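Below is one structure, written out as structure tokens; comments come after it.
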Amino acid sequence: MNLTQKILSEHLISGRLVPGEEIAIRIDQTLTQDSTGTMAYLQFEAMGVKRVRTKKSVAYIDHNTLQTGFENADDHQYIQTVAKKHGIYCSKPGNGICHQVQLERFGVPGYTLLGSDSHTPTGGGIGMLAIGAGGLDVAVAMGGGAYYLACPKVVGIKLTGKLSYGVAAKDIILEVLRRLSVKGGVGKVMEYIGEGVKTLTVPERATIANMGAELGATTSIFPSDEVTRAFLKAQQREQDFVPLSADEGATYDETLTIDLSSLVPLVAKPHMPDLVETVEAVGPIKVDQVFIGSCTNSSYTDMMRVARILKGKTVHPDVSLVIGPGSKQVLTMLARNGALADMLGAGARILESACGPCIGMGQSPKSNGVSVRTNNRNFFGRSGTKSAGIYLTSCETAAITALTGVLTDPRCLDIDLDIPLPETFEVNDNLVIPPVEPGHEDEAEVVRGPNIQPFPLGKALTPDVSGKVLLKMEDNITTDHIAPSDAKLLPFRSNVPYLSDFCLTPVDAAFPARAKAEGGGLLVAGSNYGQGSSREHAALVPLYLGIRAVAAKSFARIHQANLINNGILPLTFENEADYDRIDQDDTLTLPGIRAAIEAGKERFTLRNDTKNEEYAVRMPLTDRQRGMILCGGLLNFTRESSK
Ligand code: MIC
Ligand code: SF4
């Protein structure tokens, strides 16, 4: 067996390990963060479970940390108090980015981790099977429920050789994205194998596993070996180490080989993480801002390399350099060893340990600005400045670029960039608030400020579904298009009516008003619809606007699950050419859809009443998903089934 199969079979509750078939797995750990967490905890509360049933559940506050009004602080207090009551540890703002802290302090090789954030796979850096999901799925897992997913194919990515000077782990994952594209990983786990794996430290492996999310992959995973042991030992938790790897001669559904020694520094150009070229080919474009940080590249070793490049130098006069170390542990260590002073001395603007600019929480670039960033997504508008162009690179490329003011290949440097992993990390978990002891749940009070609003529930499916095509979209529409999030909108993650006014506005500013005027309707999209974030809001906000179905060429995994969880029909065209026959404003009908779903059909007729045509669409559903679609979502389904 390969490593993925081993962990899946150890956690298998139902189903067979046959790619594409539905399986249910037991979840050992969960994580939430604040921007998806408020909704996840409201849903968890609605389930009426007193205390989480996982081995460990952690609620992080790391996304909405810019407090420009009462809203985010209200959310923080709600999360901290609801966590305390229900047996969940709470990582307070300032303690760091969820994925970085989970890797440092809580991740365990061989465990399953389900997180309400698409970059949860970062845990694959220490051999966890770590999967991102919608908040509702995570709430169910916290309550002890299984996680249902399509059994993934396993891709063996064989690494050979060793990285050359100035080439980083980030360049490995950018190379994978260049080769496979943002939909190349859908339905697959990327399992890293081969001699080259040993040359990579845990933080480097975590960078690769993290950005595997941009492939659309279910997750990415590395073996747990002596490198993993050294990392856990330095984190003072060697007891969590177990050696794990694929069996000798294990087979894979697909394989890919990457010779690390042949790689060069790469960059993803605006506005997609797979628009990858070499730094050399893109050339010395003028840069206005550099951001070094995010869950992809903010480890201690990353930051130390940056500090070395900056030491004794000054940031280019036309560049604003912002640095966000990934966790309190990292920032404290930089403060103690003097590296922080080197960064400050060079003119860097230091941010608290949080997501920050990666999710548009401040530091939006200037109009038409060029920003070089070390995070994982450069989707249109995500930085908060629609006219800006975001380029994604390694820390090394970003740091030297901040000094020269133009995109620069770090291989021109002549300093030692070899930063060994420290023998011990500084461990102080004083910002992780433990829950009440079992049996004391009733004594703990949950505080709900005025920003905490109820969430919309889906309605039972009607006999027919009919409506206008309110918007026709291209390929690769992201959840940042469907439910945009920046510093102005993130404070309203628990206020779906407010967010609905921004739904799909990066595609068409008039969409929300049109949807409201029509009293709802349908959406038509190209392939990979809903890629990116795990935010359930990308289903809740259209639900609120009355969207009943989305007909697309294909869907991204987490978004498709979120649609079903909320009772919206995700339909795929049997014949992709039918996509071209539909226009915005056409009226579409799914005649007898309820009866057809009840009868267990997967193929349905989509009638175009305007053009008098019929198309075949598919929606393969498991029994459980069928139940959810018929009742109007997972929460209704859970209630109905427990009656
Ligand atoms: C992201 O990187 O897009 C986020 C913000 O972390 C999201 C979660 C969210 O939308 O709140 C994610 O990756 O799932
Ligand atoms: Fe935060 Fe950005 Fe990572 Fe999402 S991708 S968890 S916003 S740092």
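Following the order of the structure tokens, chains are lettered A, B, ..., residues in each are numbered from 1, and ligands are numbered from 1.
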
For ligand 1, list the contacting residues at 7 Å or closer, counting only C-alpha atoms and all ligand atoms, as a ChimeraX atom specification.
-> /A:35-36,63,116-119,359,532-535

Which polymer residues have any atom within 8 Å of an atom of Ser298 in chain A, counting only C-alpha atoms, with same-chain residues fewer than 4 positions away left out, as a PyMOL selection string?
-> chain A and resi 100+292-294+302-303+324-327

Restricting the output to N, CA and C atoms, write the selected residues as an mmCIF file, in the first residue's frame.
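This is the output file result.cif:
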data_model
loop_
_atom_site.group_PDB
_atom_site.id
_atom_site.type_symbol
_atom_site.label_atom_id
_atom_site.label_comp_id
_atom_site.auth_asym_id
_atom_site.auth_seq_id
_atom_site.Cartn_x
_atom_site.Cartn_y
_atom_site.Cartn_z
ATOM 1 N N GLN A 100 0.391 26.866 10.372
ATOM 2 C CA GLN A 100 1.753 26.904 10.913
ATOM 3 C C GLN A 100 1.746 26.381 12.358
ATOM 4 N N ILE A 292 6.146 39.067 2.542
ATOM 5 C CA ILE A 292 6.722 37.762 2.887
ATOM 6 C C ILE A 292 5.980 37.237 4.110
ATOM 7 N N GLY A 293 5.296 36.130 3.952
ATOM 8 C CA GLY A 293 4.525 35.564 5.055
ATOM 9 C C GLY A 293 3.492 34.596 4.521
ATOM 10 N N SER A 294 2.416 34.383 5.272
ATOM 11 C CA SER A 294 1.297 33.479 4.956
ATOM 12 C C SER A 294 1.610 32.056 5.375
ATOM 13 N N ASP A 302 12.374 29.898 6.843
ATOM 14 C CA ASP A 302 12.087 30.877 5.781
ATOM 15 C C ASP A 302 12.493 32.274 6.236
ATOM 16 N N MET A 303 12.055 32.624 7.440
ATOM 17 C CA MET A 303 12.297 33.976 7.946
ATOM 18 C C MET A 303 13.796 34.236 8.159
ATOM 19 N N GLY A 324 5.303 39.073 7.674
ATOM 20 C CA GLY A 324 4.433 38.528 8.722
ATOM 21 C C GLY A 324 4.924 37.148 9.136
ATOM 22 N N PRO A 325 5.739 37.035 10.177
ATOM 23 C CA PRO A 325 6.188 35.712 10.629
ATOM 24 C C PRO A 325 4.966 34.858 11.011
ATOM 25 N N GLY A 326 5.032 33.552 10.729
ATOM 26 C CA GLY A 326 3.836 32.713 10.791
ATOM 27 C C GLY A 326 3.265 32.415 12.152
ATOM 28 N N SER A 327 4.093 32.517 13.191
ATOM 29 C CA SER A 327 3.561 32.177 14.511
ATOM 30 C C SER A 327 4.309 32.954 15.582
#

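Neighbouring residues of Leu523 in chain A at 6 Å or closer, counting only C-alpha atoms and skipping chain neighbours under 3 positions away, are A:Val469, A:Leu470, A:Leu471, A:Val550.
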
With C-alpha atoms retained, write the just-selected residues as a compact mmCIF listing (two decimals), in the first residue's frame.
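Contents of the output file result.txt:
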# COMPACT_ATOMS: atom_id res chain seq x y z
CA VAL A 469 -29.77 32.01 -15.95
CA LEU A 470 -28.71 34.92 -13.80
CA LEU A 471 -25.04 34.72 -14.81
CA VAL A 550 -25.46 25.55 -10.82

DSSP helix (DSSP H, G or I) residues within range 139-297 of chain A, listed as a PyMOL selection string | chain A and resi 139-142+169-180+195-199+202-215+226-234+238-240+260-262+279-282

Strand (DSSP E or B) positions in range 241-467 of chain A, given as a PyMOL selection string | chain A and resi 244+254-259+266-268+276-278+286+289-292+320-323+327+349-350+370-373+389-392+406+432-433+465-467

Among the residues A:Cys355, A:Ala281, A:Ile593, A:Ala616, the one that comes closest to ligand 2 [using only C-alpha atoms and all ligand atoms] = A:Cys355

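Look at Met47 in chain A: the protein and nucleic acid residues within 12 Å of it, using only C-alpha atoms and passing over chain neighbours fewer than 4 places away, are Ala40, Tyr41, Leu42, Gln43, Arg51, Val52, Leu136, Asp137, Ala139, Val140, Ala141, Met142, Gly143, Gly144, Gly145, Leu634, Leu635, Asn636, Phe637, Thr638, Arg639, Glu640 and Ser642 of chain A.
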
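Minimum atom-to-atom distances from A:Glu175, A:Asp62, A:Asp318, A:Glu226 to Val101 in chain A were compared using only C-alpha atoms, and the lowest value belongs to A:Asp62.
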
Please provide the set of residues having any atom within 8 Å of Asp240 in chain A, restricted to only C-alpha atoms, with same-chain residues fewer than 2 positions apart removed, written as a count of residues only.
-> 6

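Counting only C-alpha atoms, the residue from A:Gly592, A:Glu71, A:Thr572, A:Asn64 that sits nearest to Ser485 in chain A is A:Asn64.
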
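Proximity of A:Thr251, A:Thr199, A:Asn337, A:Ser494 to Ala168 in chain A, computed with only C-alpha atoms, is greatest for A:Thr199.
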
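Nearest residue to Thr112 in chain A, choosing from A:Pro270, A:Gly567, A:Pro491, A:Gly124 and counting only C-alpha atoms: A:Gly124.
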